[in-house]
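Enquirer: I'd like to ask you about the structure that follows.
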Amino acid sequence: MKVEDAILKRRSVRSYKDKNISPDKLEKIMNAVRMAPSANNRQDWKFIVVKDEKKKNEVFEASKEQSQIKEAPVVIAGIATDSEKQMTCEVPGGIVDVTIALDHLSLIATEEGLGTCWIGAFYQDKVKKALEVPEEHKVVSMMTLGYPKKSMEKREKNRKELSEVVSYNVF
Ligand SMILES: Cc1cc2nc3c(=O)[nH]c(=O)nc-3n(C[C@H](O)[C@H](O)[C@H](O)COP(=O)(O)O)c2cc1C
C-alpha cells in the first residue's frame, strides 16, 4: 500500500472484531514504531503493548470507559521517558517523538488491515498506576489496535479546507 493510500484510508476505529493479532504482525508493527525519527535520535521512549484483559480493563477504567479499549485486542501506551527536555525551539522533544512513533503505528496498522484509535482522554495518574509507569515519565497517548468491524473508507473525513490551514511564506 502506498503511504498516501494509508493516510487517506485511516480512520479512528472504535469498534473491533473479536480476533487476535498474530505475534508476527504485532512485531512488524512495533518495529515500525521503533524506526520512527526522534529529536537527536534520543529515543527516550517506551511502548507498552497491553494485551492482558485485566490490565486492559484497568486502562479502560482510567480512560473514561471508552468501549473501544475493551473491544480492541491490543492497546499500546506511548511513554516519554524524558518529557521535560526542550528542543532549541522550546517544545518538549520527547512528547513530539512519541507522537510521531504512534502515527507510524496508525499508518502501518492500516497497511496491515488493522484499525487504530488514538486515546488522549485518560487520567495520567491512573494509567501510570495500572501500567506501572515510573512517576517521572509521561504517558503521552495510547492507541487501540485491532481488526475493524466496519470498513474504514466508508466514513467521510471531516477536515478544514486546505486554504484555511496552509499558508505560504508567512502566517
Ligand atoms: C492526540 C489525540 C487524542 C485523541 N483521543 C481520543 C480519545 O480519547 N477517544 C477517541 O474516541 N478518539 C480520540 N482521538 C481521535 C480523534 O477524535 C480523531 O482522530 C478525529 O476526530 C479525526 O477523525 P479520524 O481519526 O477518523 O480521521 C484522538 C486523536 C488524537 C490525535
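Ordering of the C-alpha cells sets the chain letters (A, B, ...); residue numbers start at 1 within each chain; ligands are numbered from 1 in the order shown.
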Taking 6 positions as the minimum chain separation for residues in the same chain, which residues sit within 9 Å of range 149-161 of chain A when counting only C-alpha atoms? Answer as JSON, numbers by chain.

Expert: {"A": [8, 9, 10, 11, 12, 13, 14, 15, 16, 17, 18, 115]}

Enquirer: Near range 130-132 of chain A, counting only C-alpha atoms, which residues have an atom at most 9 Å away, once you skip same-chain residues fewer than 6 positions from it, shown as a list in words?

Expert: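 Non-adjacent residues within range: Ile48, Val50, Lys55, Lys56, Glu58, Val59, Ala62 and Ala77 of chain A.
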
Enquirer: Which one is closest to ligand 1: A:Ile95, A:Val33, A:Val74, A:Val165? Count only C-alpha atoms and all ligand atoms.

Expert: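 Closest candidate: A:Ile95.
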
Enquirer: For a quick check of understanding, using only C-alpha atoms, which of A:Lys54, A:Arg34, A:Lys28, A:Lys64 has the smallest distance to Ala121 in chain A?

Expert: A:Lys64

Enquirer: One number please: atom 24 (P, counted along the ligand's line) of ligand 1 to CA of Ile119 in chain A, in Å, one decimal.

Expert: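 CA of Ile119 in chain A lies 11.9 Å from atom 24 (P, counted along the ligand's line) of ligand 1.
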
Enquirer: Counting only C-alpha atoms, which of A:Glu61, A:Glu84, A:Glu111, A:Glu27 gets nearest to Val49 in chain A?

Expert: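 Residue with the minimum atom-to-atom distance to Val49 in chain A: A:Glu27.
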
Enquirer: Just the number, please: distance in Å from CA of Asp5 in chain A to atom 23 (O, counted along the ligand's line) of ligand 1, one decimal.

Expert: 15.9 Å

Enquirer: So how far away is CA of Val91 in chain A from CA of Met30 in chain A, in Å?

Expert: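 A separation of 25.6 Å between them.
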
Enquirer: Excluding Lys46 in chain A and any residue of its chain fewer than 6 positions from it, enumerate the residues within 12 Å of it, using only C-alpha atoms, and give them as a VMD selection string.

Expert: chain A and resid 30 33 to 34 76 to 83 94 to 95 97 to 99 101 to 102 131 133 to 134 137 to 142

Enquirer: DSSP says helix (DSSP H, G or I) for which residues of chain A? Put them as a PyMOL selection string?

Expert: chain A and resi 3-9+23-34+39-41+53-61+67-71+93-111+124-131+162-165

Enquirer: Dump C-alpha atoms for the selected residues as a PDB file, in the first residue's frame?

Expert:
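Final output, saved to again-v4.pdb:
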```pdb
ATOM      1  CA  VAL A   3       1.787   5.819   2.123  1.00  0.00           C
ATOM      2  CA  GLU A   4      -0.740   8.204   0.587  1.00  0.00           C
ATOM      3  CA  ASP A   5      -3.342   5.423   0.445  1.00  0.00           C
ATOM      4  CA  ALA A   6      -2.751   4.526   4.088  1.00  0.00           C
ATOM      5  CA  ILE A   7      -3.097   8.194   5.094  1.00  0.00           C
ATOM      6  CA  LEU A   8      -6.350   8.562   3.165  1.00  0.00           C
ATOM      7  CA  LYS A   9      -7.770   5.237   4.318  1.00  0.00           C
ATOM      8  CA  PRO A  23       2.623 -12.148  17.125  1.00  0.00           C
ATOM      9  CA  ASP A  24       4.436 -11.693  13.764  1.00  0.00           C
ATOM     10  CA  LYS A  25       2.112  -8.889  12.704  1.00  0.00           C
ATOM     11  CA  LEU A  26       2.411  -7.213  16.081  1.00  0.00           C
ATOM     12  CA  GLU A  27       6.189  -7.410  15.936  1.00  0.00           C
ATOM     13  CA  LYS A  28       6.212  -5.899  12.441  1.00  0.00           C
ATOM     14  CA  ILE A  29       4.061  -3.021  13.669  1.00  0.00           C
ATOM     15  CA  MET A  30       6.148  -2.374  16.759  1.00  0.00           C
ATOM     16  CA  ASN A  31       9.278  -2.437  14.634  1.00  0.00           C
ATOM     17  CA  ALA A  32       7.825   0.376  12.503  1.00  0.00           C
ATOM     18  CA  VAL A  33       7.258   2.287  15.738  1.00  0.00           C
ATOM     19  CA  ARG A  34      10.896   1.744  16.709  1.00  0.00           C
ATOM     20  CA  ALA A  39      14.987  14.581  18.233  1.00  0.00           C
ATOM     21  CA  ASN A  40      18.756  13.971  18.311  1.00  0.00           C
ATOM     22  CA  ASN A  41      17.860  10.321  17.844  1.00  0.00           C
ATOM     23  CA  GLU A  53      -7.561  -8.481  29.875  1.00  0.00           C
ATOM     24  CA  LYS A  54      -7.182  -7.414  33.495  1.00  0.00           C
ATOM     25  CA  LYS A  55      -4.673  -4.692  32.622  1.00  0.00           C
ATOM     26  CA  LYS A  56      -6.768  -3.615  29.647  1.00  0.00           C
ATOM     27  CA  ASN A  57      -9.760  -3.264  31.938  1.00  0.00           C
ATOM     28  CA  GLU A  58      -7.767  -1.039  34.288  1.00  0.00           C
ATOM     29  CA  VAL A  59      -6.784   1.129  31.302  1.00  0.00           C
ATOM     30  CA  PHE A  60     -10.453   1.190  30.215  1.00  0.00           C
ATOM     31  CA  GLU A  61     -11.494   2.440  33.644  1.00  0.00           C
ATOM     32  CA  SER A  67     -15.639   0.961  24.757  1.00  0.00           C
ATOM     33  CA  GLN A  68     -13.005   0.665  22.003  1.00  0.00           C
ATOM     34  CA  ILE A  69     -10.409  -0.071  24.691  1.00  0.00           C
ATOM     35  CA  LYS A  70     -12.381  -3.108  25.827  1.00  0.00           C
ATOM     36  CA  GLU A  71     -13.116  -4.288  22.287  1.00  0.00           C
ATOM     37  CA  GLY A  93      11.143  16.714  22.124  1.00  0.00           C
ATOM     38  CA  GLY A  94      10.076  13.556  23.947  1.00  0.00           C
ATOM     39  CA  ILE A  95       6.393  14.350  23.514  1.00  0.00           C
ATOM     40  CA  VAL A  96       6.823  15.056  19.799  1.00  0.00           C
ATOM     41  CA  ASP A  97       8.875  11.864  19.336  1.00  0.00           C
ATOM     42  CA  VAL A  98       6.322   9.546  20.905  1.00  0.00           C
ATOM     43  CA  THR A  99       3.552  11.185  18.894  1.00  0.00           C
ATOM     44  CA  ILE A 100       5.409  10.599  15.621  1.00  0.00           C
ATOM     45  CA  ALA A 101       6.050   6.968  16.552  1.00  0.00           C
ATOM     46  CA  LEU A 102       2.369   6.403  17.299  1.00  0.00           C
ATOM     47  CA  ASP A 103       1.455   7.921  13.962  1.00  0.00           C
ATOM     48  CA  HIS A 104       3.791   5.411  12.305  1.00  0.00           C
ATOM     49  CA  LEU A 105       1.807   2.795  14.196  1.00  0.00           C
ATOM     50  CA  SER A 106      -1.526   4.044  12.869  1.00  0.00           C
ATOM     51  CA  LEU A 107      -0.296   4.008   9.265  1.00  0.00           C
ATOM     52  CA  ILE A 108       1.417   0.618   9.202  1.00  0.00           C
ATOM     53  CA  ALA A 109      -1.608  -0.809  11.019  1.00  0.00           C
ATOM     54  CA  THR A 110      -3.777   0.462   8.154  1.00  0.00           C
ATOM     55  CA  GLU A 111      -1.497  -1.244   5.654  1.00  0.00           C
ATOM     56  CA  GLN A 124      -2.374  10.242  33.682  1.00  0.00           C
ATOM     57  CA  ASP A 125      -2.051   9.038  37.273  1.00  0.00           C
ATOM     58  CA  LYS A 126      -4.455   6.137  36.836  1.00  0.00           C
ATOM     59  CA  VAL A 127      -2.861   4.812  33.628  1.00  0.00           C
ATOM     60  CA  LYS A 128       0.600   5.155  35.172  1.00  0.00           C
ATOM     61  CA  LYS A 129      -0.524   3.139  38.182  1.00  0.00           C
ATOM     62  CA  ALA A 130      -2.189   0.444  36.058  1.00  0.00           C
ATOM     63  CA  LEU A 131       0.838   0.004  33.795  1.00  0.00           C
ATOM     64  CA  LEU A 162      -6.519  23.410   2.649  1.00  0.00           C
ATOM     65  CA  SER A 163      -6.617  27.209   2.304  1.00  0.00           C
ATOM     66  CA  GLU A 164      -7.631  27.526   5.957  1.00  0.00           C
ATOM     67  CA  VAL A 165      -4.696  25.556   7.326  1.00  0.00           C
TER      68      VAL A 165
END
```

Enquirer: Which is closer to ligand 1 than all the others in A:Lys2, A:Lys85, A:Arg42, A:Phe122, using only C-alpha atoms and all ligand atoms?

Expert: A:Phe122

Enquirer: Can you pull out every residue from range 20-110 of chain A that DSSP, working from the backbone, puts in strand (DSSP E or B), and format the result as a list in words?

Expert: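 The strand (DSSP E or B) subset of range 20-110 of chain A is Trp45, Lys46, Phe47, Ile48, Val49, Val50, Val74, Val75, Ile76, Ala77, Gly78, Ile79, Ala80, Gln86 and Pro92 of chain A.
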
Enquirer: Keeping N, CA, C and O atoms for every residue in the selection just given, could you write it to a file as a PDB file, in the first residue's frame?

Expert:
```
ATOM      1  N   TRP A  45      11.920   6.793  24.867  1.00  0.00           N
ATOM      2  CA  TRP A  45      10.529   6.341  24.826  1.00  0.00           C
ATOM      3  C   TRP A  45      10.416   4.880  25.197  1.00  0.00           C
ATOM      4  O   TRP A  45      11.399   4.132  25.234  1.00  0.00           O
ATOM      5  N   LYS A  46       9.195   4.494  25.487  1.00  0.00           N
ATOM      6  CA  LYS A  46       8.892   3.082  25.750  1.00  0.00           C
ATOM      7  C   LYS A  46       7.446   2.879  25.309  1.00  0.00           C
ATOM      8  O   LYS A  46       6.612   3.779  25.485  1.00  0.00           O
ATOM      9  N   PHE A  47       7.186   1.739  24.725  1.00  0.00           N
ATOM     10  CA  PHE A  47       5.830   1.452  24.252  1.00  0.00           C
ATOM     11  C   PHE A  47       5.339   0.189  24.940  1.00  0.00           C
ATOM     12  O   PHE A  47       5.964  -0.869  24.811  1.00  0.00           O
ATOM     13  N   ILE A  48       4.278   0.321  25.683  1.00  0.00           N
ATOM     14  CA  ILE A  48       3.755  -0.837  26.416  1.00  0.00           C
ATOM     15  C   ILE A  48       2.594  -1.424  25.616  1.00  0.00           C
ATOM     16  O   ILE A  48       1.611  -0.732  25.333  1.00  0.00           O
ATOM     17  N   VAL A  49       2.762  -2.679  25.234  1.00  0.00           N
ATOM     18  CA  VAL A  49       1.717  -3.383  24.482  1.00  0.00           C
ATOM     19  C   VAL A  49       0.835  -4.096  25.507  1.00  0.00           C
ATOM     20  O   VAL A  49       1.282  -5.026  26.181  1.00  0.00           O
ATOM     21  N   VAL A  50      -0.385  -3.631  25.638  1.00  0.00           N
ATOM     22  CA  VAL A  50      -1.278  -4.186  26.665  1.00  0.00           C
ATOM     23  C   VAL A  50      -2.241  -5.170  26.001  1.00  0.00           C
ATOM     24  O   VAL A  50      -3.056  -4.788  25.161  1.00  0.00           O
ATOM     25  N   VAL A  74      -5.673  -5.272  21.523  1.00  0.00           N
ATOM     26  CA  VAL A  74      -4.404  -4.683  21.985  1.00  0.00           C
ATOM     27  C   VAL A  74      -4.577  -3.173  22.189  1.00  0.00           C
ATOM     28  O   VAL A  74      -5.243  -2.506  21.408  1.00  0.00           O
ATOM     29  N   VAL A  75      -3.954  -2.676  23.248  1.00  0.00           N
ATOM     30  CA  VAL A  75      -3.837  -1.222  23.443  1.00  0.00           C
ATOM     31  C   VAL A  75      -2.362  -0.925  23.657  1.00  0.00           C
ATOM     32  O   VAL A  75      -1.689  -1.644  24.403  1.00  0.00           O
ATOM     33  N   ILE A  76      -1.867   0.093  22.976  1.00  0.00           N
ATOM     34  CA  ILE A  76      -0.453   0.444  23.119  1.00  0.00           C
ATOM     35  C   ILE A  76      -0.349   1.799  23.810  1.00  0.00           C
ATOM     36  O   ILE A  76      -1.003   2.767  23.401  1.00  0.00           O
ATOM     37  N   ALA A  77       0.455   1.851  24.845  1.00  0.00           N
ATOM     38  CA  ALA A  77       0.681   3.119  25.539  1.00  0.00           C
ATOM     39  C   ALA A  77       2.052   3.644  25.137  1.00  0.00           C
ATOM     40  O   ALA A  77       3.050   2.923  25.221  1.00  0.00           O
ATOM     41  N   GLY A  78       2.096   4.888  24.679  1.00  0.00           N
ATOM     42  CA  GLY A  78       3.367   5.527  24.290  1.00  0.00           C
ATOM     43  C   GLY A  78       3.865   6.386  25.442  1.00  0.00           C
ATOM     44  O   GLY A  78       3.191   7.329  25.865  1.00  0.00           O
ATOM     45  N   ILE A  79       5.047   6.042  25.949  1.00  0.00           N
ATOM     46  CA  ILE A  79       5.588   6.717  27.134  1.00  0.00           C
ATOM     47  C   ILE A  79       6.820   7.534  26.763  1.00  0.00           C
ATOM     48  O   ILE A  79       7.752   7.001  26.138  1.00  0.00           O
ATOM     49  N   ALA A  80       6.845   8.801  27.171  1.00  0.00           N
ATOM     50  CA  ALA A  80       8.066   9.605  27.036  1.00  0.00           C
ATOM     51  C   ALA A  80       8.854   9.436  28.333  1.00  0.00           C
ATOM     52  O   ALA A  80       8.357   9.773  29.412  1.00  0.00           O
ATOM     53  N   GLN A  86      13.620  20.180  26.513  1.00  0.00           N
ATOM     54  CA  GLN A  86      13.117  21.024  25.438  1.00  0.00           C
ATOM     55  C   GLN A  86      14.109  21.041  24.283  1.00  0.00           C
ATOM     56  O   GLN A  86      15.324  21.045  24.490  1.00  0.00           O
ATOM     57  N   PRO A  92       8.902  20.389  23.967  1.00  0.00           N
ATOM     58  CA  PRO A  92       9.471  19.159  24.521  1.00  0.00           C
ATOM     59  C   PRO A  92       9.604  18.040  23.469  1.00  0.00           C
ATOM     60  O   PRO A  92       8.601  17.560  22.931  1.00  0.00           O
TER      61      PRO A  92
END
```

Enquirer: Please determine, counting only C-alpha atoms and all ligand atoms, which residue among A:Thr144, A:Ser38, A:Asn20, A:Ser167 has the shortest atom-to-atom distance to ligand 1.

Expert: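 The answer is A:Thr144, which sits nearest to ligand 1.
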